[in-house]
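To be precise, the following lines are final_8.cif, and they hold mmCIF, N, CA and C atoms.
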```cif
data_coords
loop_
_atom_site.label_atom_id
_atom_site.label_comp_id
_atom_site.auth_asym_id
_atom_site.auth_seq_id
_atom_site.Cartn_x
_atom_site.Cartn_y
_atom_site.Cartn_z
N LEU A 6 -66.00 -102.81 -123.47
CA LEU A 6 -67.16 -102.34 -122.74
C LEU A 6 -68.14 -103.49 -122.63
N LYS A 7 -68.52 -103.80 -121.43
CA LYS A 7 -69.46 -104.90 -121.23
C LYS A 7 -70.49 -104.46 -120.19
N ARG A 8 -71.73 -104.41 -120.60
CA ARG A 8 -72.80 -104.04 -119.68
C ARG A 8 -74.06 -104.80 -120.05
N LYS A 9 -74.99 -104.87 -119.13
CA LYS A 9 -76.23 -105.59 -119.35
C LYS A 9 -77.07 -104.85 -120.39
N SER A 10 -77.63 -105.60 -121.30
CA SER A 10 -78.49 -105.03 -122.33
C SER A 10 -79.81 -104.57 -121.72
N LYS A 11 -80.34 -103.48 -122.25
CA LYS A 11 -81.65 -103.01 -121.81
C LYS A 11 -82.77 -103.88 -122.39
N ASN A 12 -82.45 -104.65 -123.40
CA ASN A 12 -83.44 -105.47 -124.09
C ASN A 12 -82.93 -106.90 -124.15
N GLU A 13 -83.68 -107.83 -123.60
CA GLU A 13 -83.23 -109.23 -123.59
C GLU A 13 -83.21 -109.84 -124.99
N ASN A 14 -83.85 -109.19 -125.95
CA ASN A 14 -83.83 -109.66 -127.34
C ASN A 14 -82.81 -108.88 -128.16
N GLY A 15 -81.77 -108.41 -127.51
CA GLY A 15 -80.79 -107.55 -128.15
C GLY A 15 -80.09 -108.17 -129.35
N LEU A 16 -79.63 -107.29 -130.23
CA LEU A 16 -78.94 -107.68 -131.46
C LEU A 16 -77.76 -106.75 -131.65
N MET A 17 -76.64 -107.30 -132.08
CA MET A 17 -75.49 -106.48 -132.45
C MET A 17 -75.14 -106.82 -133.89
N LEU A 18 -74.94 -105.80 -134.69
CA LEU A 18 -74.57 -105.99 -136.09
C LEU A 18 -73.16 -105.47 -136.30
N VAL A 19 -72.28 -106.31 -136.82
CA VAL A 19 -70.91 -105.94 -137.14
C VAL A 19 -70.72 -106.15 -138.64
N ILE A 20 -70.31 -105.09 -139.34
CA ILE A 20 -69.98 -105.21 -140.76
C ILE A 20 -68.51 -104.89 -140.89
N GLU A 21 -67.73 -105.86 -141.33
CA GLU A 21 -66.28 -105.74 -141.27
C GLU A 21 -65.62 -106.67 -142.27
N LYS A 22 -64.38 -106.36 -142.62
CA LYS A 22 -63.55 -107.33 -143.33
C LYS A 22 -63.14 -108.36 -142.30
N MET A 23 -63.34 -109.62 -142.59
CA MET A 23 -62.94 -110.67 -141.67
C MET A 23 -62.10 -111.69 -142.42
N VAL A 24 -61.03 -112.12 -141.79
CA VAL A 24 -60.16 -113.14 -142.38
C VAL A 24 -60.89 -114.47 -142.33
N ASP A 25 -61.03 -115.12 -143.48
CA ASP A 25 -61.73 -116.41 -143.51
C ASP A 25 -60.87 -117.49 -142.85
N ASP A 26 -61.52 -118.57 -142.45
CA ASP A 26 -60.82 -119.64 -141.72
C ASP A 26 -59.67 -120.25 -142.51
N LYS A 27 -59.78 -120.27 -143.83
CA LYS A 27 -58.72 -120.83 -144.68
C LYS A 27 -57.64 -119.80 -145.00
N ARG A 28 -57.86 -118.55 -144.56
CA ARG A 28 -56.93 -117.44 -144.82
C ARG A 28 -56.63 -117.33 -146.32
N SER A 29 -57.69 -117.39 -147.12
CA SER A 29 -57.51 -117.38 -148.57
C SER A 29 -57.85 -116.06 -149.23
N ASN A 30 -58.40 -115.09 -148.49
CA ASN A 30 -58.78 -113.81 -149.08
C ASN A 30 -57.58 -112.87 -149.07
N LEU A 31 -56.90 -112.76 -150.20
CA LEU A 31 -55.66 -111.99 -150.30
C LEU A 31 -55.87 -110.52 -149.95
N SER A 32 -56.97 -109.93 -150.37
CA SER A 32 -57.24 -108.51 -150.10
C SER A 32 -57.28 -108.23 -148.60
N THR A 33 -58.00 -109.04 -147.86
CA THR A 33 -58.11 -108.85 -146.42
C THR A 33 -56.78 -109.09 -145.73
N LEU A 34 -56.05 -110.10 -146.16
CA LEU A 34 -54.74 -110.39 -145.56
C LEU A 34 -53.76 -109.25 -145.79
N CYS A 35 -53.76 -108.68 -146.99
CA CYS A 35 -52.86 -107.55 -147.30
C CYS A 35 -53.21 -106.33 -146.45
N THR A 36 -54.50 -106.06 -146.28
CA THR A 36 -54.92 -104.95 -145.44
C THR A 36 -54.47 -105.17 -144.00
N SER A 37 -54.59 -106.39 -143.53
CA SER A 37 -54.20 -106.71 -142.17
C SER A 37 -52.70 -106.50 -141.96
N VAL A 38 -51.89 -106.96 -142.89
CA VAL A 38 -50.43 -106.77 -142.79
C VAL A 38 -50.10 -105.28 -142.83
N SER A 39 -50.76 -104.54 -143.69
CA SER A 39 -50.54 -103.10 -143.79
C SER A 39 -50.84 -102.40 -142.46
N MET A 40 -51.94 -102.76 -141.81
CA MET A 40 -52.28 -102.15 -140.51
C MET A 40 -51.24 -102.50 -139.45
N LEU A 41 -50.77 -103.74 -139.46
CA LEU A 41 -49.75 -104.14 -138.49
C LEU A 41 -48.48 -103.31 -138.65
N ILE A 42 -48.07 -103.10 -139.91
CA ILE A 42 -46.85 -102.33 -140.19
C ILE A 42 -47.04 -100.87 -139.82
N GLU A 43 -48.17 -100.28 -140.24
CA GLU A 43 -48.40 -98.86 -140.01
C GLU A 43 -48.54 -98.51 -138.54
N LEU A 44 -49.22 -99.34 -137.77
CA LEU A 44 -49.40 -99.04 -136.35
C LEU A 44 -48.18 -99.43 -135.53
N GLY A 45 -47.51 -100.49 -135.93
CA GLY A 45 -46.25 -100.87 -135.30
C GLY A 45 -46.34 -101.41 -133.89
N ASP A 46 -47.53 -101.46 -133.32
CA ASP A 46 -47.63 -101.95 -131.94
C ASP A 46 -48.41 -103.25 -131.82
N GLY A 47 -48.75 -103.86 -132.96
CA GLY A 47 -49.42 -105.15 -132.95
C GLY A 47 -50.92 -105.09 -132.69
N THR A 48 -51.49 -103.88 -132.64
CA THR A 48 -52.92 -103.77 -132.33
C THR A 48 -53.81 -103.68 -133.57
N GLY A 49 -53.25 -103.38 -134.72
CA GLY A 49 -54.07 -103.20 -135.92
C GLY A 49 -54.03 -104.41 -136.82
N TYR A 50 -55.14 -105.09 -136.94
CA TYR A 50 -55.23 -106.24 -137.84
C TYR A 50 -56.69 -106.59 -138.04
N ASP A 51 -56.98 -107.31 -139.11
CA ASP A 51 -58.33 -107.81 -139.34
C ASP A 51 -58.46 -109.14 -138.62
N GLY A 52 -59.50 -109.28 -137.83
CA GLY A 52 -59.71 -110.51 -137.07
C GLY A 52 -60.28 -111.63 -137.93
N THR A 53 -60.11 -112.83 -137.44
CA THR A 53 -60.69 -113.99 -138.14
C THR A 53 -62.15 -114.14 -137.72
N LEU A 54 -62.89 -114.90 -138.51
CA LEU A 54 -64.28 -115.18 -138.15
C LEU A 54 -64.36 -115.80 -136.76
N LEU A 55 -63.45 -116.71 -136.47
CA LEU A 55 -63.44 -117.38 -135.17
C LEU A 55 -63.20 -116.38 -134.03
N GLU A 56 -62.28 -115.42 -134.24
CA GLU A 56 -62.01 -114.40 -133.22
C GLU A 56 -63.25 -113.54 -132.95
N TYR A 57 -63.94 -113.14 -134.01
CA TYR A 57 -65.16 -112.35 -133.84
C TYR A 57 -66.24 -113.16 -133.13
N LYS A 58 -66.40 -114.43 -133.51
CA LYS A 58 -67.40 -115.28 -132.86
C LYS A 58 -67.10 -115.41 -131.37
N GLN A 59 -65.85 -115.64 -131.03
CA GLN A 59 -65.46 -115.79 -129.62
C GLN A 59 -65.71 -114.50 -128.85
N LEU A 60 -65.41 -113.37 -129.45
CA LEU A 60 -65.61 -112.08 -128.81
C LEU A 60 -67.07 -111.84 -128.46
N VAL A 61 -67.97 -112.07 -129.42
CA VAL A 61 -69.39 -111.82 -129.14
C VAL A 61 -69.97 -112.86 -128.18
N GLN A 62 -69.48 -114.09 -128.24
CA GLN A 62 -69.94 -115.11 -127.28
C GLN A 62 -69.48 -114.76 -125.87
N ASP A 63 -68.27 -114.25 -125.74
CA ASP A 63 -67.76 -113.84 -124.43
C ASP A 63 -68.59 -112.69 -123.84
N CYS A 64 -69.24 -111.92 -124.71
CA CYS A 64 -70.09 -110.80 -124.27
C CYS A 64 -71.53 -111.23 -124.03
N GLY A 65 -71.82 -112.52 -124.15
CA GLY A 65 -73.14 -113.03 -123.81
C GLY A 65 -74.09 -113.28 -124.96
N PHE A 66 -73.64 -113.08 -126.19
CA PHE A 66 -74.51 -113.35 -127.33
C PHE A 66 -74.56 -114.85 -127.57
N LYS A 67 -75.74 -115.35 -127.88
CA LYS A 67 -75.95 -116.80 -127.99
C LYS A 67 -75.98 -117.31 -129.42
N THR A 68 -76.60 -116.55 -130.31
CA THR A 68 -76.78 -116.99 -131.69
C THR A 68 -76.05 -116.05 -132.62
N ILE A 69 -75.31 -116.60 -133.57
CA ILE A 69 -74.54 -115.79 -134.51
C ILE A 69 -74.90 -116.19 -135.93
N GLN A 70 -75.18 -115.18 -136.74
CA GLN A 70 -75.50 -115.40 -138.16
C GLN A 70 -74.51 -114.60 -138.99
N LEU A 71 -73.89 -115.25 -139.97
CA LEU A 71 -72.95 -114.59 -140.87
C LEU A 71 -73.58 -114.43 -142.25
N ILE A 72 -73.43 -113.24 -142.82
CA ILE A 72 -73.95 -112.95 -144.15
C ILE A 72 -72.80 -112.42 -144.98
N LYS A 73 -72.44 -113.14 -146.03
CA LYS A 73 -71.35 -112.72 -146.93
C LYS A 73 -71.85 -111.56 -147.77
N LEU A 74 -71.11 -110.46 -147.77
CA LEU A 74 -71.43 -109.30 -148.57
C LEU A 74 -70.49 -109.23 -149.76
N ASN A 75 -70.53 -108.16 -150.51
CA ASN A 75 -69.64 -108.01 -151.67
C ASN A 75 -68.18 -107.94 -151.22
N GLY A 76 -67.31 -108.52 -152.04
CA GLY A 76 -65.88 -108.49 -151.74
C GLY A 76 -65.57 -109.23 -150.46
N PRO A 77 -64.65 -108.68 -149.66
CA PRO A 77 -64.24 -109.37 -148.43
C PRO A 77 -65.11 -109.05 -147.22
N MET A 78 -66.17 -108.28 -147.41
CA MET A 78 -66.98 -107.83 -146.28
C MET A 78 -67.95 -108.92 -145.80
N VAL A 79 -68.14 -108.95 -144.49
CA VAL A 79 -69.05 -109.90 -143.85
C VAL A 79 -69.92 -109.14 -142.86
N ALA A 80 -71.21 -109.47 -142.83
CA ALA A 80 -72.10 -108.94 -141.80
C ALA A 80 -72.31 -110.05 -140.77
N MET A 81 -72.04 -109.74 -139.52
CA MET A 81 -72.25 -110.69 -138.44
C MET A 81 -73.37 -110.15 -137.55
N CYS A 82 -74.45 -110.91 -137.46
CA CYS A 82 -75.56 -110.57 -136.57
C CYS A 82 -75.43 -111.47 -135.34
N ALA A 83 -75.30 -110.85 -134.18
CA ALA A 83 -75.19 -111.60 -132.94
C ALA A 83 -76.42 -111.29 -132.08
N TYR A 84 -77.10 -112.34 -131.65
CA TYR A 84 -78.35 -112.21 -130.90
C TYR A 84 -78.15 -112.68 -129.47
N LEU A 85 -78.79 -111.99 -128.53
CA LEU A 85 -78.70 -112.40 -127.13
C LEU A 85 -79.44 -113.71 -126.86
N LYS A 86 -80.46 -114.01 -127.65
CA LYS A 86 -81.22 -115.26 -127.47
C LYS A 86 -80.87 -116.26 -128.53
#
```

Whole structure given in structure tokens:
Amino acid sequence: LKRKSKNENGLMLVIEKMVDDKRSNLSTLCTSVSMLIELGDGTGYDGTLLEYKQLVQDCGFKTIQLIKLNGPMVAMCAYLK
């Protein structure tokens, strides 16, 4: 879904397990493999930080801030400005 924001100062917050660039977080990788097997169609997996960054940039967000949370969770704040 891609539409113009009602607010030019828009913000999107994503809180998700994200595969780190070094692919070193075993918990997230195991969850990702499990989703691939269970869904069987190649659509279920945890994305990498780079994939999430590219996705929000493609949607017009300019500034991205990552905040490491407990365990494998990451908060990504994407700003239109």

Give me the result of the PyMOL selection byres ((chain A and resi 54) around 6) on this file, residue by residue, as a PDB file with N, CA and C atoms, keeping the file's coordinate frame.
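Done, and the output landed in selection_29.pdb:
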```pdb
ATOM      1  N   MET A  23     -63.340-109.620-142.590  1.00  0.00           N
ATOM      2  CA  MET A  23     -62.940-110.670-141.670  1.00  0.00           C
ATOM      3  C   MET A  23     -62.100-111.690-142.420  1.00  0.00           C
ATOM      4  N   VAL A  24     -61.030-112.120-141.790  1.00  0.00           N
ATOM      5  CA  VAL A  24     -60.160-113.140-142.380  1.00  0.00           C
ATOM      6  C   VAL A  24     -60.890-114.470-142.330  1.00  0.00           C
ATOM      7  N   ASP A  25     -61.030-115.120-143.480  1.00  0.00           N
ATOM      8  CA  ASP A  25     -61.730-116.410-143.510  1.00  0.00           C
ATOM      9  C   ASP A  25     -60.870-117.490-142.850  1.00  0.00           C
ATOM     10  N   ASP A  26     -61.520-118.570-142.450  1.00  0.00           N
ATOM     11  CA  ASP A  26     -60.820-119.640-141.720  1.00  0.00           C
ATOM     12  C   ASP A  26     -59.670-120.250-142.510  1.00  0.00           C
ATOM     13  N   GLY A  52     -59.500-109.280-137.830  1.00  0.00           N
ATOM     14  CA  GLY A  52     -59.710-110.510-137.070  1.00  0.00           C
ATOM     15  C   GLY A  52     -60.280-111.630-137.930  1.00  0.00           C
ATOM     16  N   THR A  53     -60.110-112.830-137.440  1.00  0.00           N
ATOM     17  CA  THR A  53     -60.690-113.990-138.140  1.00  0.00           C
ATOM     18  C   THR A  53     -62.150-114.140-137.720  1.00  0.00           C
ATOM     19  N   LEU A  55     -63.450-116.710-136.470  1.00  0.00           N
ATOM     20  CA  LEU A  55     -63.440-117.380-135.170  1.00  0.00           C
ATOM     21  C   LEU A  55     -63.200-116.380-134.030  1.00  0.00           C
ATOM     22  N   GLU A  56     -62.280-115.420-134.240  1.00  0.00           N
ATOM     23  CA  GLU A  56     -62.010-114.400-133.220  1.00  0.00           C
ATOM     24  C   GLU A  56     -63.250-113.540-132.950  1.00  0.00           C
ATOM     25  N   TYR A  57     -63.940-113.140-134.010  1.00  0.00           N
ATOM     26  CA  TYR A  57     -65.160-112.350-133.840  1.00  0.00           C
ATOM     27  C   TYR A  57     -66.240-113.160-133.130  1.00  0.00           C
ATOM     28  N   LYS A  58     -66.400-114.430-133.510  1.00  0.00           N
ATOM     29  CA  LYS A  58     -67.400-115.280-132.860  1.00  0.00           C
ATOM     30  C   LYS A  58     -67.100-115.410-131.370  1.00  0.00           C
ATOM     31  N   GLN A  59     -65.850-115.640-131.030  1.00  0.00           N
ATOM     32  CA  GLN A  59     -65.460-115.790-129.620  1.00  0.00           C
ATOM     33  C   GLN A  59     -65.710-114.500-128.850  1.00  0.00           C
TER      34      GLN A  59
END
```

Interatomic distance, CA of Ala83 (chain A) to CA of Leu71 (chain A) (Å, one decimal): 8.8 Å

Selection result for the PyMOL selection byres ((chain A and resi 20) around 6) on this file, as a list in words: Leu18, Val19, Glu21, Lys22, Val79, Ala80 and Met81 of chain A

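All polymer residues at most 6 Å from (-73.5, -110.7, -132.1), using all atoms listed in the file, appear as Leu16, Met17, Leu18, Val61, Phe66, Thr68, Ile69, Met81, Cys82, Ala83 and Tyr84 of chain A.
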
CA of Lys67 (chain A) to CA of Gly15 (chain A), straight-line distance in Å: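 Computing the Euclidean distance for CA of Gly15 (chain A) and CA of Lys67 (chain A) yields 10.4 Å.
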
d(CA of Val38 (chain A), CA of Asp51 (chain A)) in Å: 8.7 Å

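Closest approach to Ser32 (chain A) among A:Met78, A:Gly65, A:Asn14, A:Lys86 is made by A:Met78 (distances from only C-alpha atoms).
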
Selected residue, from A:Asn30, A:Ile42, A:Cys35, A:Asp63, that lies nearest to Pro77 (chain A) when counting only N, CA and C atoms: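 Of the candidates, the smallest distance to Pro77 (chain A) is held by A:Asn30.
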
Test item, helix (DSSP H, G or I) assignment across chain A, answer as a ChimeraX atom specification: /A:31-44,54-63

All strand (DSSP E or B) residues (DSSP, backbone) inside chain A, as a list in words: Leu16, Met17, Leu18, Val19, Ile20, Glu21, Lys22, Val24, Thr53, Thr68, Ile69, Gln70, Leu71, Ile72, Lys73, Met78, Val79, Ala80, Met81, Cys82, Ala83 and Tyr84 of chain A
